[in-house]
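What follows is the content of run_17.cif (mmCIF, C-alpha atoms).
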```cif
data_model
loop_
_atom_site.label_atom_id
_atom_site.label_comp_id
_atom_site.auth_asym_id
_atom_site.auth_seq_id
_atom_site.Cartn_x
_atom_site.Cartn_y
_atom_site.Cartn_z
CA MET A 1 -17.66 -4.09 -15.22
CA ALA A 2 -18.52 -7.13 -13.17
CA GLU A 3 -16.78 -8.74 -10.36
CA VAL A 4 -16.15 -12.40 -10.85
CA ASN A 5 -15.30 -13.31 -7.37
CA ALA A 6 -15.86 -11.48 -4.12
CA LEU A 7 -14.42 -13.25 -1.17
CA ALA A 8 -14.06 -12.30 2.43
CA HIS A 9 -13.88 -8.62 3.19
CA LYS A 10 -11.35 -7.54 5.71
CA GLU A 11 -13.86 -6.49 8.31
CA SER A 12 -12.96 -9.09 10.84
CA LYS A 13 -11.41 -12.48 11.02
CA GLU A 14 -14.75 -14.26 11.03
CA VAL A 15 -15.58 -13.69 7.39
CA ALA A 16 -12.57 -15.51 6.02
CA THR A 17 -13.28 -18.07 3.34
CA PRO A 18 -10.93 -21.00 3.48
CA GLU A 19 -9.76 -22.07 0.05
CA THR A 20 -8.55 -25.61 -0.03
CA THR A 21 -6.72 -25.44 -3.36
CA TRP A 22 -4.25 -22.95 -1.95
CA GLY A 23 -4.32 -24.40 1.51
CA GLY A 24 -4.92 -21.10 3.27
CA THR A 25 -7.33 -18.33 4.02
CA TYR A 26 -7.52 -15.42 1.67
CA TYR A 27 -9.26 -12.09 1.56
CA ALA A 28 -10.79 -9.82 -1.02
CA PRO A 29 -8.89 -6.55 -0.91
CA ARG A 30 -10.79 -3.25 -0.76
CA VAL A 31 -10.78 -1.54 -4.12
CA ASP A 32 -11.57 1.90 -5.54
CA ILE A 33 -12.16 2.06 -9.30
CA LEU A 34 -12.05 5.32 -11.20
CA GLU A 35 -12.95 5.69 -14.85
CA THR A 36 -11.84 8.66 -16.90
CA ASP A 37 -11.89 9.26 -20.65
CA GLU A 38 -8.34 7.94 -20.78
CA GLU A 39 -8.28 4.90 -18.54
CA LEU A 40 -9.64 2.76 -15.74
CA THR A 41 -7.63 3.14 -12.54
CA PHE A 42 -7.78 0.60 -9.74
CA TYR A 43 -6.61 1.49 -6.23
CA CYS A 44 -6.27 -1.60 -4.16
CA ASP A 45 -5.36 -2.00 -0.47
CA LEU A 46 -2.89 -4.84 -0.05
CA PRO A 47 -1.33 -4.35 3.38
CA GLY A 48 1.59 -6.66 4.02
CA VAL A 49 2.17 -7.54 0.36
CA ARG A 50 5.68 -6.92 -0.98
CA PRO A 51 6.07 -6.10 -4.68
CA GLU A 52 7.86 -9.41 -5.30
CA ASP A 53 4.93 -11.33 -3.79
CA LEU A 54 2.28 -9.84 -6.05
CA ASP A 55 0.87 -11.72 -9.03
CA LEU A 56 -1.15 -9.46 -11.31
CA ARG A 57 -2.65 -10.83 -14.53
CA PHE A 58 -4.85 -9.60 -17.30
CA GLU A 59 -6.19 -12.44 -19.42
CA LYS A 60 -9.27 -12.60 -21.63
CA ASP A 61 -10.72 -9.41 -20.15
CA GLU A 62 -10.16 -10.65 -16.65
CA LEU A 63 -8.01 -8.75 -14.21
CA VAL A 64 -6.72 -10.99 -11.44
CA ILE A 65 -5.01 -9.68 -8.32
CA HIS A 66 -3.26 -12.17 -6.08
CA GLY A 67 -1.02 -10.90 -3.32
CA LYS A 68 0.82 -13.28 -1.06
CA VAL A 69 1.18 -12.26 2.55
CA ARG A 70 4.15 -13.65 4.43
CA PRO A 71 3.33 -15.05 7.87
CA ARG A 72 4.40 -12.46 10.40
CA TYR A 73 3.27 -13.66 13.82
CA PRO A 74 5.24 -15.79 16.21
CA GLU A 75 3.71 -18.86 17.75
CA GLY A 76 1.54 -18.10 20.69
CA LYS A 77 -1.66 -16.49 21.71
CA PHE A 78 -3.13 -13.16 20.79
CA TRP A 79 -4.46 -10.80 23.41
CA LEU A 80 -6.58 -9.19 20.77
CA GLU A 81 -7.20 -10.54 17.30
CA GLU A 82 -9.48 -8.22 15.39
CA TYR A 83 -8.41 -9.19 11.90
CA GLY A 84 -7.04 -12.24 10.22
CA THR A 85 -4.19 -12.39 7.78
CA GLY A 86 -3.80 -14.37 4.61
CA ASP A 87 -3.32 -13.87 0.91
CA PHE A 88 -5.37 -11.33 -1.00
CA TYR A 89 -7.30 -12.41 -4.09
CA ARG A 90 -9.85 -10.71 -6.28
CA ALA A 91 -10.78 -10.86 -9.95
CA PHE A 92 -12.70 -8.45 -12.17
CA THR A 93 -14.11 -8.80 -15.65
CA ILE A 94 -13.33 -5.68 -17.64
CA TYR A 95 -15.91 -4.82 -20.27
CA GLU A 96 -14.18 -1.66 -21.41
CA GLU A 97 -11.86 -1.95 -24.39
CA VAL A 98 -8.48 -1.63 -22.76
CA ASP A 99 -5.10 -1.88 -24.36
CA PRO A 100 -3.41 -4.85 -22.65
CA ASP A 101 0.05 -3.80 -23.81
CA ARG A 102 -0.12 -0.50 -22.02
CA ILE A 103 -1.34 -1.73 -18.62
CA SER A 104 0.95 -0.59 -15.83
CA ALA A 105 0.90 -0.97 -12.06
CA GLU A 106 2.81 0.11 -9.00
CA LEU A 107 2.71 -1.13 -5.40
CA LYS A 108 3.75 1.34 -2.73
CA ARG A 109 3.19 1.21 1.03
CA GLY A 110 0.65 -1.57 0.62
CA VAL A 111 -1.45 0.20 -2.04
CA LEU A 112 -1.55 -1.19 -5.57
CA VAL A 113 -2.44 1.24 -8.36
CA ILE A 114 -3.28 -0.31 -11.73
CA HIS A 115 -3.68 1.76 -14.89
CA LEU A 116 -5.74 0.21 -17.68
CA PRO A 117 -5.58 2.64 -20.61
CA LYS A 118 -8.50 2.57 -23.02
CA ARG A 119 -7.96 1.76 -26.67
CA GLU A 120 -7.72 4.79 -28.88
CA GLU A 121 -10.83 3.86 -30.87
CA VAL A 122 -13.12 3.74 -27.82
CA LYS A 123 -11.97 6.99 -26.26
CA PRO A 124 -14.63 9.65 -26.46
CA LYS A 125 -13.89 12.09 -29.23
CA ARG A 126 -14.68 15.69 -28.83
CA ILE A 127 -16.46 16.92 -31.90
CA ALA A 128 -15.43 20.31 -33.00
CA ILE A 129 -18.30 22.58 -33.80
CA ARG A 130 -17.65 25.13 -36.47
CA ALA A 131 -19.22 28.44 -36.08
CA GLU A 132 -19.99 30.50 -39.10
CA MET B 1 -3.10 -29.06 32.49
CA THR B 2 0.03 -26.98 32.14
CA MET B 3 1.18 -24.83 35.05
CA LEU B 4 2.12 -22.00 32.71
CA ALA B 5 -1.37 -21.42 31.37
CA ARG B 6 -2.61 -17.86 31.57
CA TRP B 7 -5.12 -17.16 34.26
CA GLU B 8 -8.16 -17.13 32.00
CA PRO B 9 -10.61 -15.05 34.09
CA PHE B 10 -8.32 -12.03 33.91
CA GLU B 11 -7.89 -12.30 30.18
CA LYS B 12 -11.62 -12.54 29.72
CA LEU B 13 -12.07 -9.46 31.86
CA TRP B 14 -9.46 -7.58 29.83
CA ARG B 15 -11.22 -8.41 26.59
CA GLU B 16 -14.52 -7.36 28.07
CA MET B 17 -12.98 -4.06 29.17
CA ASN B 18 -11.75 -3.30 25.69
CA ARG B 19 -15.09 -4.18 24.24
CA PHE B 20 -16.82 -1.97 26.75
CA GLN B 21 -14.47 0.87 25.85
CA ARG B 22 -15.25 0.48 22.14
CA GLU B 23 -18.94 0.43 22.84
CA MET B 24 -18.66 3.60 24.90
CA ASP B 25 -16.70 5.22 22.09
CA ARG B 26 -19.40 4.28 19.63
CA MET B 27 -22.12 5.58 21.90
CA PHE B 28 -20.38 8.91 22.31
CA GLU B 29 -19.81 9.13 18.62
CA ARG B 30 -23.47 8.45 17.92
CA PHE B 31 -24.59 11.30 20.18
CA GLY B 32 -21.99 13.62 18.76
CA VAL B 33 -20.14 14.39 21.97
CA GLY B 34 -16.85 12.88 20.85
CA LEU B 35 -13.49 14.58 20.66
CA GLY B 36 -14.23 17.65 18.58
CA ALA B 37 -13.82 16.81 14.91
CA ARG B 38 -16.08 13.98 13.98
CA PRO B 39 -14.12 11.11 12.52
CA LEU B 40 -15.25 9.97 9.12
CA LEU B 41 -14.08 6.49 9.85
CA SER B 42 -15.70 4.35 12.47
CA VAL B 43 -14.18 4.42 15.92
CA GLY B 44 -13.11 0.82 15.55
CA TYR B 45 -10.62 1.78 12.82
CA PRO B 46 -8.03 0.52 12.44
CA ALA B 47 -8.55 -3.05 13.58
CA VAL B 48 -5.71 -4.05 15.88
CA ASN B 49 -3.98 -7.30 16.75
CA VAL B 50 -2.13 -7.49 20.05
CA TRP B 51 0.26 -10.17 21.21
CA GLU B 52 3.23 -10.49 23.54
CA ASP B 53 6.38 -12.34 24.36
CA ASP B 54 8.39 -12.26 27.59
CA GLU B 55 9.91 -8.84 26.92
CA TYR B 56 7.47 -6.98 24.70
CA VAL B 57 3.85 -6.28 23.88
CA TYR B 58 3.17 -5.90 20.15
CA ALA B 59 0.28 -4.10 18.49
CA GLU B 60 -0.28 -4.27 14.75
CA ALA B 61 -2.68 -2.50 12.39
CA GLU B 62 -3.12 -2.46 8.63
CA LEU B 63 -2.77 1.12 7.38
CA PRO B 64 -2.05 0.94 3.66
CA GLY B 65 -0.97 4.11 1.92
CA LEU B 66 0.09 5.97 5.07
CA ASN B 67 3.50 7.25 6.11
CA LEU B 68 4.79 7.07 9.66
CA GLU B 69 4.79 10.88 9.68
CA ASP B 70 1.02 10.84 9.14
CA LEU B 71 0.52 8.95 12.39
CA GLU B 72 0.58 9.91 16.04
CA ILE B 73 1.17 7.13 18.51
CA TYR B 74 0.88 7.63 22.26
CA VAL B 75 1.27 5.45 25.29
CA THR B 76 -0.30 7.09 28.31
CA GLY B 77 -0.82 5.92 31.86
CA GLY B 78 1.43 2.94 31.16
CA ASP B 79 -1.23 0.87 29.44
CA GLN B 80 -3.28 3.11 27.14
CA LEU B 81 -2.23 2.93 23.50
CA THR B 82 -3.61 5.52 21.09
CA ILE B 83 -3.14 5.53 17.32
CA LYS B 84 -4.22 8.69 15.55
CA GLY B 85 -4.03 9.62 11.91
CA ASN B 86 -5.70 10.70 8.76
CA ARG B 87 -6.15 8.83 5.54
CA PRO B 88 -6.55 11.43 2.82
CA ALA B 89 -9.57 11.21 0.57
CA PRO B 90 -8.71 10.18 -2.98
CA ALA B 91 -8.12 13.28 -5.07
CA THR B 92 -10.20 13.43 -8.19
CA ASP B 93 -11.56 16.24 -10.24
CA LYS B 94 -12.58 14.15 -13.18
CA GLY B 95 -13.95 10.74 -13.94
CA VAL B 96 -16.52 8.46 -12.37
CA TRP B 97 -16.04 6.18 -9.36
CA HIS B 98 -17.30 2.68 -10.04
CA ARG B 99 -16.33 1.53 -6.58
CA GLN B 100 -15.15 3.26 -3.42
CA GLU B 101 -14.50 0.67 -0.77
CA ARG B 102 -11.31 2.02 0.77
CA PRO B 103 -11.93 3.99 3.94
CA PHE B 104 -10.62 7.52 4.34
CA GLY B 105 -10.74 10.34 6.84
CA ALA B 106 -9.47 11.04 10.33
CA PHE B 107 -9.32 8.18 12.77
CA GLN B 108 -8.37 7.60 16.37
CA ARG B 109 -8.19 4.33 18.17
CA SER B 110 -7.41 3.77 21.84
CA LEU B 111 -7.07 0.52 23.65
CA THR B 112 -5.96 -0.85 26.96
CA LEU B 113 -2.84 -2.99 26.82
CA PRO B 114 -2.79 -6.30 28.68
CA VAL B 115 0.19 -5.24 30.83
CA PRO B 116 1.86 -1.89 31.59
CA VAL B 117 4.67 -0.87 29.24
CA ASP B 118 7.57 1.55 29.44
CA PRO B 119 6.55 4.65 27.40
CA GLU B 120 10.22 5.41 26.77
CA LYS B 121 10.70 2.09 25.01
CA VAL B 122 8.16 2.14 22.23
CA GLU B 123 9.17 1.50 18.63
CA ALA B 124 6.89 1.88 15.62
CA ARG B 125 7.52 0.60 12.09
CA LEU B 126 5.36 0.92 9.02
CA GLU B 127 6.25 -1.58 6.32
CA HIS B 128 4.22 -2.37 3.21
CA GLY B 129 1.19 -0.75 4.81
CA VAL B 130 1.42 -2.63 8.10
CA LEU B 131 2.06 -0.72 11.32
CA THR B 132 3.84 -2.62 14.09
CA ILE B 133 4.31 -1.09 17.53
CA LYS B 134 6.76 -2.83 19.81
CA MET B 135 6.49 -1.85 23.47
CA ALA B 136 8.84 -3.01 26.20
CA LYS B 137 7.01 -4.31 29.23
CA SER B 138 7.47 -2.43 32.48
CA GLN B 139 10.28 -3.87 34.53
CA GLU B 140 8.00 -5.04 37.33
CA VAL B 141 5.76 -7.15 35.11
CA LYS B 142 8.48 -8.97 33.19
CA PRO B 143 8.69 -12.60 34.11
CA ARG B 144 11.83 -13.35 36.04
CA ARG B 145 13.73 -16.47 35.34
CA ILE B 146 14.52 -18.19 38.57
CA PRO B 147 17.88 -19.84 38.52
CA VAL B 148 17.69 -23.46 39.56
CA LYS B 149 20.77 -24.88 41.11
CA THR B 150 21.72 -28.42 40.42
CA ASP B 151 24.12 -30.29 42.58
#
```
For the structure just supplied, provide its representation as structure tokens.
Amino acid sequence: MAEVNALAHKESKEVATPETTWGGTYYAPRVDILETDEELTFYCDLPGVRPEDLDLRFEKDELVIHGKVRPRYPEGKFWLEEYGTGDFYRAFTIYEEVDPDRISAELKRGVLVIHLPKREEVKPKRIAIRAE
Amino acid sequence: MTMLARWEPFEKLWREMNRFQREMDRMFERFGVGLGARPLLSVGYPAVNVWEDDEYVYAEAELPGLNLEDLEIYVTGGDQLTIKGNRPAPATDKGVWHRQERPFGAFQRSLTLPVPVDPEKVEARLEHGVLTIKMAKSQEVKPRRIPVKTD
């Protein structure tokens, strides 16, 4: 599994990478990836993203996560500004053989969970050993 | 230029104070004389944004995956805000982690607010993983509108 694009991490506002095509700053969300015999599971922190503002795609072995964050601050000055806000974007190339028709995802309390089930033929098979 | 500009030296001092506090926290953490249980997360977690309007001071932090019940929020001494909580470690008994970037563990963050607030008038909301704390300013620090009579 390789990551196509790692952008700013949400450590502080200084590491933001402005992206002119979208006209705003966006951040690479923090991700945990778990692989089991059955599937790849992505856990992705997307604070501030509502389910209707999430664009999740799987195309040619590429998983693309794009979460839009609605502006939430009034005009004016911050007393303390330790993090910046903007859209979340991150893409991964998936080398495992996953079944695109069975991919599912849910977004709850700002955490996106994506299930990428493996194809039947690549799942490890347990070989039964016969004992005499 | 404008008469309404904030008095900058004080703001600078306030920022410095908060930074000093964080550095002290880090130092204490490093020497292991912190508050009992050692937090797994760094003392600077979560990052906080603070802003204000005439009536309220607002503090915001990104805490994805948490419920409001998992958090303890205190305002003490009028201007000390504390956010305490625990982000559970991901439960797994099988499989292999390819990446583990999301922080977990107990955390506690304290900071000094720019102005005193009324501890009885604090509201917290947690929506889509974003915590917003709205705190009413103490009566004595609210700006008063001075009525101007016109003849």
ask   = For this file, the PyMOL selection byres ((chain A and resi 37) around 12) selects which residues, as number ranges by chain?
value = A: 34-36, 38-41, 96-98, 116-126; B: 94-96
Select, as a tab-separated table (two decimals) with C-alpha atoms, in the coordinates of the input, those residues of chain B with any atom no more than 9 Å from chain A (distances computed using all atoms listed in the file).
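What ended up in out-v1.tsv:
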```
chain	number	residue	atom	x	y	z
B	11	GLU	CA	-7.89	-12.30	30.18
B	14	TRP	CA	-9.46	-7.58	29.83
B	15	ARG	CA	-11.22	-8.41	26.59
B	47	ALA	CA	-8.55	-3.05	13.58
B	48	VAL	CA	-5.71	-4.05	15.88
B	49	ASN	CA	-3.98	-7.30	16.75
B	50	VAL	CA	-2.13	-7.49	20.05
B	51	TRP	CA	0.26	-10.17	21.21
B	52	GLU	CA	3.23	-10.49	23.54
B	53	ASP	CA	6.38	-12.34	24.36
B	59	ALA	CA	0.28	-4.10	18.49
B	61	ALA	CA	-2.68	-2.50	12.39
B	62	GLU	CA	-3.12	-2.46	8.63
B	63	LEU	CA	-2.77	1.12	7.38
B	64	PRO	CA	-2.05	0.94	3.66
B	65	GLY	CA	-0.97	4.11	1.92
B	66	LEU	CA	0.09	5.97	5.07
B	67	ASN	CA	3.50	7.25	6.11
B	92	THR	CA	-10.20	13.43	-8.19
B	94	LYS	CA	-12.58	14.15	-13.18
B	95	GLY	CA	-13.95	10.74	-13.94
B	96	VAL	CA	-16.52	8.46	-12.37
B	97	TRP	CA	-16.04	6.18	-9.36
B	98	HIS	CA	-17.30	2.68	-10.04
B	99	ARG	CA	-16.33	1.53	-6.58
B	100	GLN	CA	-15.15	3.26	-3.42
B	101	GLU	CA	-14.50	0.67	-0.77
B	102	ARG	CA	-11.31	2.02	0.77
B	103	PRO	CA	-11.93	3.99	3.94
B	113	LEU	CA	-2.84	-2.99	26.82
B	114	PRO	CA	-2.79	-6.30	28.68
B	126	LEU	CA	5.36	0.92	9.02
B	127	GLU	CA	6.25	-1.58	6.32
B	128	HIS	CA	4.22	-2.37	3.21
B	129	GLY	CA	1.19	-0.75	4.81
B	130	VAL	CA	1.42	-2.63	8.10
```
Need the shell around Glu140 in chain B: protein/DNA/RNA residues with any atom at most 12 Å away, counting only C-alpha atoms. Skip same-chain ones fewer than 6 positions apart. Format as a PDB file with C-alpha atoms, in the frame of the given file?
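Dumped to part_28.pdb:
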```pdb
ATOM      1  CA  GLU B  55       9.910  -8.840  26.920  1.00  0.00           C
ATOM      2  CA  VAL B 115       0.190  -5.240  30.830  1.00  0.00           C
ATOM      3  CA  PRO B 116       1.860  -1.890  31.590  1.00  0.00           C
ATOM      4  CA  VAL B 117       4.670  -0.870  29.240  1.00  0.00           C
ATOM      5  CA  ASP B 118       7.570   1.550  29.440  1.00  0.00           C
TER       6      ASP B 118
END
```
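The closest residue to Glu123 in chain B, picked from B:Phe104, B:Glu60, B:Gln139, B:Pro46 and counting all atoms listed in the file, is B:Glu60.
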note = Atom pair CA of Lys121 in chain B + CA of Tyr45 in chain B, distance 24.6 Å
inquiry  = Which residues are close to Leu63 in chain A, i.e. within 7 Å by only C-alpha atoms, leaving aside same-chain residues fewer than 3 positions away? Reply as a PyMOL selection string.
reply    = chain A and resi 57-59+91-93
If you keep C-alpha atoms, can you produce a file of those selected residues as an mmCIF file, in the coordinates of the input?
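Result file follows (part.cif):
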```
data_model
loop_
_atom_site.group_PDB
_atom_site.id
_atom_site.type_symbol
_atom_site.label_atom_id
_atom_site.label_comp_id
_atom_site.auth_asym_id
_atom_site.auth_seq_id
_atom_site.Cartn_x
_atom_site.Cartn_y
_atom_site.Cartn_z
ATOM 1 C CA ARG A 57 -2.650 -10.830 -14.530
ATOM 2 C CA PHE A 58 -4.850 -9.600 -17.300
ATOM 3 C CA GLU A 59 -6.190 -12.440 -19.420
ATOM 4 C CA ALA A 91 -10.780 -10.860 -9.950
ATOM 5 C CA PHE A 92 -12.700 -8.450 -12.170
ATOM 6 C CA THR A 93 -14.110 -8.800 -15.650
#
```
task = Report as a list in words the residues that result from applying the PyMOL selection byres ((chain B and resi 85-91) around 6) to the structure here.
result = Asp70, Leu71, Lys84, Thr92, Phe104, Gly105, Ala106 and Phe107 of chain B
